[in-house]
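Accompanying notes for the structure given below.
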Amino acid sequence: MAELTLTDQFTTIFEAKTGSKEGLSDFQKGSFEAFNTLGLPHRKSEAYKYTQIARILEKNFSEVSVPLETSWDIAEIKERFYPVNEANHLVFINGVWKSDLSEIKSDANHLQISVISESELDLLGKVSNSSRDPFAQLNGAQFSGGLFFKAARNSDNIPTFIYHFLDAENTSISFPRILIDAETGSQTRVYEKTFVNGDAAALVIGMLESKVESNASVRFTKLQQYPKNVYAVEGIYASQDKDSRFHTNTFTFGGAVIRNNVVIDIDGENCEGHMNGLYVISGNTQVDNNTAVDHKQPHSFSNELYKGVIDENARGVFNGKIYVRPEAQKTNAFQSNNNIILSDSATVNTKPQLEIWADDVKCSHGCTTGQLDEDAIFYLRARGISKVRAKALMLTAFAVETLEEVKEELVKDEIESIILNKLG
Amino acid sequence: MLKIENLQASIEDKEILKGINLEVKPGEVHAIMGPNGSGKSTLASVLAGREEYEVTGGSVSYMGKDLLEFAPEERAREGIFLAFQYPVEIPGVSTTNFLKTAVNQVRESKGLKPLDAVSFLKEMKEKMKLVDIDQALLSRALNEGFSGGEKKRNEIFQMAMLEPKLSILDETDSGLDIDALKIVADGVNKLKSKDNATIVVTHYQRLLDYIVPDFVHVLYKGKIVKSGDKNLALELEEKGYDWIKDEEGVEA
Ligand SMILES: Nc1ncnc2c1ncn2[C@@H]1O[C@H](COP(=O)(O)OP(=O)(O)OP(=O)(O)O)[C@@H](O)[C@H]1O
Ligand SMILES: [Mg+2]
């Protein structure tokens with residue numbers, strides 16, 4: 001029997017999916033068609049220049065399916081919850097949201113948490129333009145049991161923790177989907193992390209959309225502490241109305257190949273959009289952060305800070321696009337990507353891309369890639385600090401700057417200790 | 001305490017130190033003067049263990065041990081302190097955090113328990129007074145954006161915290177205004193004892209009014225070409241280095 005291509009397998013998965021309701025299934029069919037038209041990014045795709053995603057996936061996922069059963073049991077799952085009582089704890093298993101395993105503290109008047117249904121069709125896939133992202137389309141076609149999260153104006157501002165549990169005893173795939181509707185004036189804080197059982201190759205095709213209505217605030221922090229059998233292509237698409245604030249923080253500490261697509265549309269005046277990221281990677285991990293902020297309206301501010309510490313054979317890729325449309329006068333847009341390379345075989349590819357059509361704007365970008373400063377190491381050693389400690393001090397200081405925007409102490413501490421563990 | 005014999009060192013195959021001889025005993029203050037580029041900082045760096053410099057000949061014994069065998073941090077733990085001519089800026093690491101690490105690593109090497117937060121702060125407060133340094137400065141990233149004078153003061157503050165046996169002050173006076181100079185010199189004098197020694201590298205006799213040297217040496221083209229007492233510094237101030245260069249010329 002001829003081997004099936006990955007795309008054939010996607011078709012099999014799609015066709016085997018138990019039918020969703022009519023409206024939703026039309027959306028999913030449409031997405032699947034769009035995916036098939038776009039296809040996986042080809043070899044010469046500019047957007048995937050440094051991450052040959054099709055080749056990587058074809059090679060590692062010759063046979064793949066969504067796990068039907070899980071080896072995670074309830075006790076194990078609940079054990080992983082952050083010890084915070086006043087919080088929503090939401091559980092996904094293999095990409096499917098499980099309401100029965102989740103604990104919701106928020107009042108339904110403040111926060112509506114439900115499975116994505118056809119009532120969300122006016123938002124789903126439309127928050128910002130993901131029509132040319134094949135993985136967004138693939139997720140749109142394949143997801144089931146997506147999470148719809150609607151914060152009302154009088155939201156209670158308690159944090160929401162999202163936990164993904166994956167089964168990787170056999171080669172697997174999952175399609176988590178989250179749709180956030182932050183209504184006018186609401187406050188939302190979401191933290192996301194993933195646990196994996198098993199060491200067969202696991203592929204995550206994830207998608208989060210967030211509509212941030214006027215004067216709303218959404219903070220989203222993602223912890224990607226993947227074991228080395230995880231491959232992931234995860235999208236974050238947000239669109240902001242006037243006076244809103246949106247923060248994403250993405251922390252990546254491991255995995256095989258991780259591609260993050262972060263897109264923010266600033267479609268209102270007086271907005272603040274922040275994209276921060278840290279990748280501390282070693283072994284053969286490859287992390288590709290592809291980001292775009294699109295300033296469509298005047299008087300807004302965006303700031304982007306990505307930092308990387310790359311050791312052994314790891315590779316860090318950063319691409320940051322800033323668009324400032326002609327109408328978007330008085331835009332302030334800043335971006336920086338700083339990398340420290342710790343070994344001769346570590347690599348970094350970094351590329352800022354500014355396209356500015358307005359004339360009265362302040363934009364800046366800066367990319368640096370270097371080694372640890374030898375003079376600084378000597379200075380610290382000359383005070384009695386060992387070489388290892390000196391390096392650790394400098395690297396952790398470099399890395400923790402990206403933690404400033406994480407407001408939940410428990411999460412901050414957790415990430416800080418991961419950093420210390422990796423660099424200390 | 002320190003005995004340097006015929007020390008030769010080079011960097012990138014360029015010979016900089018060409019046979020230095022110097023003996024420093026406990027309680028002594030030695031001043032090293034000399035024109036720009038003569039090798040003063042190189043000597044200081046070699047003593048502190050900078051690995052870029054290759055020692056090509058000679059020996060250095062410190063407290064009876066072969067100093068050149070030791071890594072920079074080991075030398076520091078054994079009581080050698082170099083106040084840098086150009087203190088390095090270290091982004092993200094506060095002086096406080098850095099010093100706490102340093103003090104505790106030094107203590108650990110001596111088999112002592114680390115200082116707890118309270119004792120460490122107490123110690124800091126005391127030493128801050130000594131060099132009149134501001135708390136705000138110490139919570140900022142180490143040397144980052146510090147003025148020239150603030151950096152130098154911070155060096156002496158670190159010295160006070162680490163209580164070295166042998167301090168090498170590389171042009172700690174440059175960039176200091178007269179008041180700061182007095183404060184720094186005062187600090188150094190207060191830390192002086194009959195058991196520790198100081199080497200001050202300077203271009204200015206002015207500092208030596210405050211930190212009075214027992215010996216003054218002139219380093220020129222990688223060699224100590226003249227030694228004397230504090231009057232040598234006065235003479236240099238008056239006549240410049242030309243007469244020494246001339247004497248050297250005659251000898252060569
Ligand atoms: N990393 C290096 N590479 C090449 N040459 C160097 C290096 N470091 C020092 N040198 C050279 O060694 C010589 C001595 O330098 P050093 O800094 O020791 O002089 P110095 O006596 O301290 O001068 P100053 O009074 O200006 O501080 C100079 O000619 C300098 O250019
Ligand atoms: Mg010098």
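How things are named: the first chain in the structure tokens is A, the next is B, and so on; residues count from 1 in each chain; ligands count from 1 in the order shown.
Pocket residues of ligand 2, taken as those with any atom at most 9 Å away using only C-alpha atoms and all ligand atoms, are Asn36, Gly37, Ser38, Gly39, Lys40, Ser41, Thr42, Ala44, Phe84, Gln85, Tyr86, Asp170, Glu171, Val201 and Thr202 of chain B.
Every residue of stretch 128-242 of chain B found in strand (DSSP E or B) when DSSP is run on the backbone appears here: B:Ala141, B:Leu166, B:Ser167, B:Ile168, B:Leu169, B:Asp170, B:Ala197, B:Thr198, B:Ile199, B:Val200, B:Val201, B:Phe215, B:Val216, B:His217, B:Val218, B:Leu219, B:Tyr220, B:Lys223, B:Ile224, B:Val225, B:Lys226, B:Ser227, B:Gly228.
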Which residue out of A:Glu401, A:Asp375, A:Phe27, A:Gln335 has the minimum interatomic distance to ligand 1 when only C-alpha atoms and all ligand atoms are used? A:Asp375
Give the residues close to ligand 1, within 12 Å, counting only C-alpha atoms and all ligand atoms; write them as a compact mmCIF listing (two decimals) with N, CA and C atoms, in the first residue's frame.
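And here is the file that came out, out-v2.txt:
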```
# COMPACT_ATOMS: atom_id res chain seq x y z
N GLU A 374 32.59 38.49 27.59
CA GLU A 374 33.72 37.92 28.33
C GLU A 374 34.25 38.88 29.41
N ASP A 375 34.23 40.17 29.09
CA ASP A 375 34.70 41.15 30.07
C ASP A 375 33.83 41.11 31.33
N ALA B 9 54.57 38.92 30.06
CA ALA B 9 53.24 38.55 29.59
C ALA B 9 52.97 39.20 28.26
N SER B 10 52.17 38.49 27.46
CA SER B 10 51.84 39.07 26.15
C SER B 10 50.37 38.84 25.83
N ILE B 11 49.90 39.63 24.91
CA ILE B 11 48.54 39.43 24.41
C ILE B 11 48.61 39.44 22.90
N GLU B 12 47.93 38.48 22.31
CA GLU B 12 47.96 38.32 20.85
C GLU B 12 49.39 38.43 20.32
N ASP B 13 50.26 37.70 20.95
CA ASP B 13 51.68 37.65 20.55
C ASP B 13 52.43 38.96 20.67
N LYS B 14 51.79 39.93 21.31
CA LYS B 14 52.48 41.20 21.51
C LYS B 14 52.99 41.21 22.96
N GLU B 15 54.28 41.36 23.12
CA GLU B 15 54.83 41.31 24.46
C GLU B 15 54.57 42.64 25.16
N ILE B 16 53.94 42.58 26.34
CA ILE B 16 53.61 43.83 27.04
C ILE B 16 54.43 43.96 28.32
N LEU B 17 54.43 42.91 29.11
CA LEU B 17 55.26 42.95 30.32
C LEU B 17 56.59 42.26 30.01
N LYS B 18 57.65 42.96 30.30
CA LYS B 18 58.95 42.46 29.83
C LYS B 18 59.92 42.20 30.97
N ILE B 32 52.14 52.56 41.57
CA ILE B 32 52.75 52.32 40.26
C ILE B 32 52.31 53.43 39.33
N MET B 33 53.30 54.12 38.79
CA MET B 33 52.99 55.20 37.86
C MET B 33 53.65 54.87 36.53
N GLY B 34 53.34 55.66 35.53
CA GLY B 34 53.95 55.40 34.24
C GLY B 34 53.08 55.89 33.12
N PRO B 35 53.70 56.18 31.99
CA PRO B 35 52.95 56.75 30.87
C PRO B 35 51.87 55.81 30.34
N ASN B 36 50.97 56.34 29.58
CA ASN B 36 49.91 55.54 28.97
C ASN B 36 50.51 54.40 28.16
N GLY B 37 49.87 53.26 28.28
CA GLY B 37 50.30 52.14 27.45
C GLY B 37 51.54 51.43 27.95
N SER B 38 52.00 51.76 29.15
CA SER B 38 53.25 51.16 29.59
C SER B 38 53.05 49.75 30.16
N GLY B 39 51.79 49.41 30.48
CA GLY B 39 51.52 48.04 30.93
C GLY B 39 50.99 47.95 32.34
N LYS B 40 50.58 49.06 32.92
CA LYS B 40 50.10 49.06 34.31
C LYS B 40 48.84 48.21 34.46
N SER B 41 47.87 48.46 33.58
CA SER B 41 46.63 47.68 33.67
C SER B 41 46.87 46.23 33.32
N THR B 42 47.79 46.01 32.41
CA THR B 42 48.13 44.64 32.05
C THR B 42 48.65 43.89 33.27
N LEU B 43 49.53 44.53 34.00
CA LEU B 43 50.06 43.91 35.22
C LEU B 43 48.92 43.61 36.19
N ALA B 44 48.06 44.59 36.37
CA ALA B 44 46.92 44.39 37.28
C ALA B 44 46.06 43.22 36.81
N SER B 45 45.77 43.15 35.52
CA SER B 45 44.93 42.08 34.97
C SER B 45 45.59 40.72 35.13
N VAL B 46 46.89 40.66 34.89
CA VAL B 46 47.60 39.38 35.03
C VAL B 46 47.53 38.92 36.48
N LEU B 47 47.66 39.85 37.40
CA LEU B 47 47.58 39.48 38.81
C LEU B 47 46.18 38.98 39.17
N ARG B 50 43.29 37.43 34.48
CA ARG B 50 42.64 37.55 33.17
C ARG B 50 43.29 36.58 32.19
N GLU B 51 42.45 35.72 31.57
CA GLU B 51 43.00 34.62 30.77
C GLU B 51 43.49 35.03 29.39
N GLU B 52 43.05 36.18 28.93
CA GLU B 52 43.50 36.64 27.60
C GLU B 52 45.00 36.91 27.57
N TYR B 53 45.55 37.23 28.73
CA TYR B 53 46.99 37.51 28.77
C TYR B 53 47.75 36.21 28.98
N GLU B 54 48.76 36.03 28.17
CA GLU B 54 49.54 34.81 28.31
C GLU B 54 50.83 35.15 29.05
N PHE B 84 38.77 47.88 38.99
CA PHE B 84 39.01 48.02 37.55
C PHE B 84 39.16 49.47 37.13
N GLN B 85 40.06 49.67 36.17
CA GLN B 85 40.17 51.01 35.58
C GLN B 85 38.86 51.33 34.84
N TYR B 86 38.33 50.33 34.16
CA TYR B 86 37.05 50.50 33.47
C TYR B 86 36.07 49.45 33.96
N LEU B 169 44.38 48.91 42.96
CA LEU B 169 43.45 49.95 42.52
C LEU B 169 43.98 50.57 41.23
N ASP B 170 43.31 50.22 40.14
CA ASP B 170 43.79 50.69 38.84
C ASP B 170 43.12 52.01 38.47
N GLU B 171 43.82 53.07 38.66
CA GLU B 171 43.34 54.42 38.35
C GLU B 171 41.96 54.70 38.94
N THR B 172 41.81 54.32 40.17
CA THR B 172 40.54 54.54 40.85
C THR B 172 40.29 56.04 41.02
N ASP B 173 41.34 56.82 40.95
CA ASP B 173 41.18 58.27 41.13
C ASP B 173 40.73 59.00 39.86
N SER B 174 40.96 58.38 38.69
CA SER B 174 40.56 59.15 37.50
C SER B 174 39.04 59.23 37.41
N VAL B 200 48.49 50.89 44.29
CA VAL B 200 47.67 51.90 43.60
C VAL B 200 48.35 52.29 42.29
N VAL B 201 47.57 52.14 41.23
CA VAL B 201 48.05 52.59 39.92
C VAL B 201 47.45 53.97 39.70
N THR B 202 48.28 54.93 39.44
CA THR B 202 47.72 56.27 39.24
C THR B 202 48.61 57.12 38.35
N HIS B 203 48.00 58.14 37.78
CA HIS B 203 48.76 59.12 37.01
C HIS B 203 49.02 60.37 37.83
N TYR B 204 48.34 60.46 38.97
CA TYR B 204 48.36 61.73 39.68
C TYR B 204 48.91 61.61 41.08
N VAL B 218 58.04 53.28 38.78
CA VAL B 218 57.69 53.77 37.45
C VAL B 218 57.76 52.60 36.49
N LEU B 219 56.61 52.35 35.86
CA LEU B 219 56.54 51.29 34.87
C LEU B 219 56.64 51.94 33.50
N TYR B 220 57.56 51.45 32.70
CA TYR B 220 57.75 52.06 31.39
C TYR B 220 58.09 50.96 30.41
N LYS B 221 57.32 50.90 29.35
CA LYS B 221 57.51 49.86 28.33
C LYS B 221 57.65 48.46 28.94
N GLY B 222 56.77 48.17 29.88
CA GLY B 222 56.72 46.81 30.38
C GLY B 222 57.74 46.44 31.43
N LYS B 223 58.47 47.46 31.94
CA LYS B 223 59.46 47.18 32.98
C LYS B 223 59.37 48.25 34.06
N ILE B 224 59.72 47.85 35.28
CA ILE B 224 59.84 48.87 36.32
C ILE B 224 61.23 49.47 36.18
```
Residue list for chain B near chain A as a PyMOL selection string, 9 Å, only C-alpha atoms: chain B and resi 48-51+71-78+80-82+84+87-93+98-99+101-106+158-159+162
Would you list the contacts of B:Asn196 as a PDB file with all heavy atoms, in the first residue's frame, taking every protein, DNA or RNA residue within 9 Å and counting only C-alpha atoms, but skipping same-chain residues closer than 4 positions in sequence?
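Result file follows (selection.pdb):
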```
ATOM      1  N   MET B   1      54.148  38.869  51.066  1.00  0.00           N
ATOM      2  CA  MET B   1      52.787  38.578  50.622  1.00  0.00           C
ATOM      3  C   MET B   1      52.737  38.326  49.106  1.00  0.00           C
ATOM      4  O   MET B   1      52.274  37.293  48.654  1.00  0.00           O
ATOM      5  CB  MET B   1      51.906  39.783  50.972  1.00  0.00           C
ATOM      6  CG  MET B   1      50.516  39.712  50.407  1.00  0.00           C
ATOM      7  SD  MET B   1      49.578  41.169  50.879  1.00  0.00           S
ATOM      8  CE  MET B   1      48.785  40.610  52.329  1.00  0.00           C
ATOM      9  N   LYS B  25      54.964  43.630  50.796  1.00  0.00           N
ATOM     10  CA  LYS B  25      54.831  42.983  52.101  1.00  0.00           C
ATOM     11  C   LYS B  25      53.553  43.465  52.790  1.00  0.00           C
ATOM     12  O   LYS B  25      53.022  44.529  52.455  1.00  0.00           O
ATOM     13  CB  LYS B  25      56.042  43.345  52.965  1.00  0.00           C
ATOM     14  CG  LYS B  25      57.365  42.847  52.392  1.00  0.00           C
ATOM     15  CD  LYS B  25      58.387  42.671  53.531  1.00  0.00           C
ATOM     16  CE  LYS B  25      59.659  42.046  53.026  1.00  0.00           C
ATOM     17  NZ  LYS B  25      60.559  43.039  52.365  1.00  0.00           N
ATOM     18  N   PRO B  26      53.062  42.677  53.739  1.00  0.00           N
ATOM     19  CA  PRO B  26      51.847  43.096  54.451  1.00  0.00           C
ATOM     20  C   PRO B  26      52.008  44.503  55.030  1.00  0.00           C
ATOM     21  O   PRO B  26      53.095  44.856  55.488  1.00  0.00           O
ATOM     22  CB  PRO B  26      51.701  42.065  55.572  1.00  0.00           C
ATOM     23  CG  PRO B  26      52.457  40.877  55.104  1.00  0.00           C
ATOM     24  CD  PRO B  26      53.553  41.377  54.228  1.00  0.00           C
ATOM     25  N   GLY B  27      50.949  45.268  54.974  1.00  0.00           N
ATOM     26  CA  GLY B  27      50.969  46.609  55.545  1.00  0.00           C
ATOM     27  C   GLY B  27      51.493  47.682  54.604  1.00  0.00           C
ATOM     28  O   GLY B  27      51.338  48.869  54.887  1.00  0.00           O
ATOM     29  N   GLU B  28      52.047  47.271  53.466  1.00  0.00           N
ATOM     30  CA  GLU B  28      52.658  48.266  52.580  1.00  0.00           C
ATOM     31  C   GLU B  28      51.681  48.834  51.558  1.00  0.00           C
ATOM     32  O   GLU B  28      50.714  48.198  51.167  1.00  0.00           O
ATOM     33  CB  GLU B  28      53.836  47.634  51.820  1.00  0.00           C
ATOM     34  CG  GLU B  28      55.016  47.302  52.713  1.00  0.00           C
ATOM     35  CD  GLU B  28      56.171  46.668  51.931  1.00  0.00           C
ATOM     36  OE1 GLU B  28      55.994  46.295  50.748  1.00  0.00           O
ATOM     37  OE2 GLU B  28      57.250  46.536  52.531  1.00  0.00           O
ATOM     38  N   PRO B 164      39.572  42.479  51.094  1.00  0.00           N
ATOM     39  CA  PRO B 164      40.702  41.730  50.527  1.00  0.00           C
ATOM     40  C   PRO B 164      41.986  41.907  51.321  1.00  0.00           C
ATOM     41  O   PRO B 164      42.113  42.815  52.144  1.00  0.00           O
ATOM     42  CB  PRO B 164      40.863  42.355  49.139  1.00  0.00           C
ATOM     43  CG  PRO B 164      40.332  43.741  49.288  1.00  0.00           C
ATOM     44  CD  PRO B 164      39.222  43.656  50.285  1.00  0.00           C
ATOM     45  N   LYS B 165      42.956  41.025  51.028  1.00  0.00           N
ATOM     46  CA  LYS B 165      44.282  41.150  51.630  1.00  0.00           C
ATOM     47  C   LYS B 165      45.168  42.024  50.765  1.00  0.00           C
ATOM     48  O   LYS B 165      45.952  42.806  51.263  1.00  0.00           O
ATOM     49  CB  LYS B 165      44.929  39.764  51.755  1.00  0.00           C
ATOM     50  CG  LYS B 165      44.238  38.860  52.750  1.00  0.00           C
ATOM     51  CD  LYS B 165      45.174  37.694  53.102  1.00  0.00           C
ATOM     52  CE  LYS B 165      44.509  36.708  54.034  1.00  0.00           C
ATOM     53  NZ  LYS B 165      43.543  35.828  53.315  1.00  0.00           N
ATOM     54  N   LEU B 166      45.015  41.833  49.456  1.00  0.00           N
ATOM     55  CA  LEU B 166      45.819  42.626  48.530  1.00  0.00           C
ATOM     56  C   LEU B 166      44.887  43.335  47.551  1.00  0.00           C
ATOM     57  O   LEU B 166      44.197  42.685  46.765  1.00  0.00           O
ATOM     58  CB  LEU B 166      46.788  41.727  47.752  1.00  0.00           C
ATOM     59  CG  LEU B 166      47.589  42.429  46.647  1.00  0.00           C
ATOM     60  CD1 LEU B 166      48.574  43.440  47.233  1.00  0.00           C
ATOM     61  CD2 LEU B 166      48.340  41.401  45.789  1.00  0.00           C
ATOM     62  N   SER B 167      44.865  44.663  47.648  1.00  0.00           N
ATOM     63  CA  SER B 167      44.001  45.416  46.739  1.00  0.00           C
ATOM     64  C   SER B 167      44.849  46.071  45.671  1.00  0.00           C
ATOM     65  O   SER B 167      45.897  46.636  45.969  1.00  0.00           O
ATOM     66  CB  SER B 167      43.260  46.527  47.487  1.00  0.00           C
ATOM     67  OG  SER B 167      42.677  46.003  48.644  1.00  0.00           O
ATOM     68  N   LEU B 191      40.294  50.905  55.488  1.00  0.00           N
ATOM     69  CA  LEU B 191      40.356  49.454  55.295  1.00  0.00           C
ATOM     70  C   LEU B 191      41.774  48.915  55.453  1.00  0.00           C
ATOM     71  O   LEU B 191      42.001  47.720  55.490  1.00  0.00           O
ATOM     72  CB  LEU B 191      39.814  49.084  53.911  1.00  0.00           C
ATOM     73  CG  LEU B 191      38.335  49.402  53.690  1.00  0.00           C
ATOM     74  CD1 LEU B 191      37.974  49.286  52.223  1.00  0.00           C
ATOM     75  CD2 LEU B 191      37.448  48.491  54.534  1.00  0.00           C
ATOM     76  N   LYS B 192      42.710  49.824  55.507  1.00  0.00           N
ATOM     77  CA  LYS B 192      44.110  49.433  55.601  1.00  0.00           C
ATOM     78  C   LYS B 192      44.418  48.848  56.979  1.00  0.00           C
ATOM     79  O   LYS B 192      43.903  49.299  57.988  1.00  0.00           O
ATOM     80  CB  LYS B 192      44.992  50.665  55.374  1.00  0.00           C
ATOM     81  CG  LYS B 192      46.058  50.446  54.329  1.00  0.00           C
ATOM     82  CD  LYS B 192      46.646  51.744  53.844  1.00  0.00           C
ATOM     83  CE  LYS B 192      47.436  52.466  54.939  1.00  0.00           C
ATOM     84  NZ  LYS B 192      48.084  53.682  54.418  1.00  0.00           N
TER      85      LYS B 192
END
```
Spatial neighbours of A:Leu203, 12 Å, only C-alpha atoms, chain gap at least 3 places, as JSON, numbers by chain: {"A": [6, 53, 56, 57, 58, 60, 61, 62, 63, 64, 65, 66, 67, 94, 95, 135, 139, 166, 167, 168, 170, 171, 172, 173, 174, 175, 176, 196, 199, 200, 206, 226, 227, 228, 229, 230, 231, 232, 233, 234, 255, 256, 257, 258, 259]}
Do you know which residues are at most 6 Å from A:Trp97 counting only C-alpha atoms, after dropping those on the same chain fewer than 6 positions away, and could you put them as a ChimeraX atom specification? /A:91,145-146
Take the residues just selected and output them with C-alpha atoms as a short mmCIF file (atom, residue, chain, number, x, y, z; two decimals), in the first residue's frame.
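Below you can see out.cif, which holds the result:
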```cif
data_model
loop_
_atom_site.label_atom_id
_atom_site.label_comp_id
_atom_site.auth_asym_id
_atom_site.auth_seq_id
_atom_site.Cartn_x
_atom_site.Cartn_y
_atom_site.Cartn_z
CA VAL A 91 -8.91 21.15 31.05
CA GLY A 145 -14.81 20.72 21.52
CA GLY A 146 -13.39 24.20 21.23
#
```
Close residues, A:Ser244 itself excluded, 9 Å, only C-alpha atoms, min 3 positions apart in chain, as a PyMOL selection string: chain A and resi 184-185+212-218+240-241+268-273
Convert the current residue selection to file output with N, CA and C atoms, as a short mmCIF file (atom, residue, chain, number, x, y, z; two decimals), in the first residue's frame.
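In the end it all went to result36.cif:
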```
data_model
loop_
_atom_site.label_atom_id
_atom_site.label_comp_id
_atom_site.auth_asym_id
_atom_site.auth_seq_id
_atom_site.Cartn_x
_atom_site.Cartn_y
_atom_site.Cartn_z
N THR A 184 -16.63 44.91 25.99
CA THR A 184 -16.26 46.26 26.40
C THR A 184 -16.00 46.36 27.90
N GLY A 185 -14.83 46.87 28.24
CA GLY A 185 -14.52 47.11 29.65
C GLY A 185 -14.14 45.90 30.46
N VAL A 212 -10.82 41.79 21.33
CA VAL A 212 -10.67 42.66 22.49
C VAL A 212 -11.47 43.93 22.20
N GLU A 213 -12.64 44.00 22.81
CA GLU A 213 -13.51 45.13 22.51
C GLU A 213 -13.05 46.38 23.25
N SER A 214 -13.74 47.48 22.99
CA SER A 214 -13.24 48.75 23.49
C SER A 214 -13.02 48.74 25.00
N ASN A 215 -11.89 49.31 25.38
CA ASN A 215 -11.54 49.43 26.79
C ASN A 215 -11.45 48.11 27.54
N ALA A 216 -11.32 47.02 26.82
CA ALA A 216 -11.13 45.72 27.48
C ALA A 216 -9.64 45.43 27.58
N SER A 217 -9.33 44.49 28.47
CA SER A 217 -7.94 44.10 28.60
C SER A 217 -7.84 42.58 28.60
N VAL A 218 -6.95 42.06 27.78
CA VAL A 218 -6.72 40.62 27.76
C VAL A 218 -5.22 40.37 27.93
N GLN A 240 -8.03 44.32 18.19
CA GLN A 240 -8.31 45.26 19.27
C GLN A 240 -9.16 46.43 18.79
N ASP A 241 -10.21 46.70 19.59
CA ASP A 241 -11.00 47.92 19.38
C ASP A 241 -10.40 49.04 20.21
N GLY A 268 -8.28 50.24 16.33
CA GLY A 268 -8.95 51.28 17.08
C GLY A 268 -7.89 52.23 17.59
N GLU A 269 -8.34 53.42 18.01
CA GLU A 269 -7.37 54.38 18.53
C GLU A 269 -7.03 54.08 19.98
N ASN A 270 -5.90 54.61 20.39
CA ASN A 270 -5.52 54.55 21.80
C ASN A 270 -5.43 53.13 22.36
N CYS A 271 -4.92 52.23 21.56
CA CYS A 271 -4.75 50.83 22.02
C CYS A 271 -3.31 50.60 22.43
N GLU A 272 -3.17 49.54 23.22
CA GLU A 272 -1.84 49.07 23.56
C GLU A 272 -1.76 47.59 23.21
N GLY A 273 -0.81 47.23 22.40
CA GLY A 273 -0.61 45.81 22.07
C GLY A 273 0.80 45.39 22.43
#
```
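Relative to atom CA of B:Lys151, atom CA of B:Gly240 is found at 28.2 Å.
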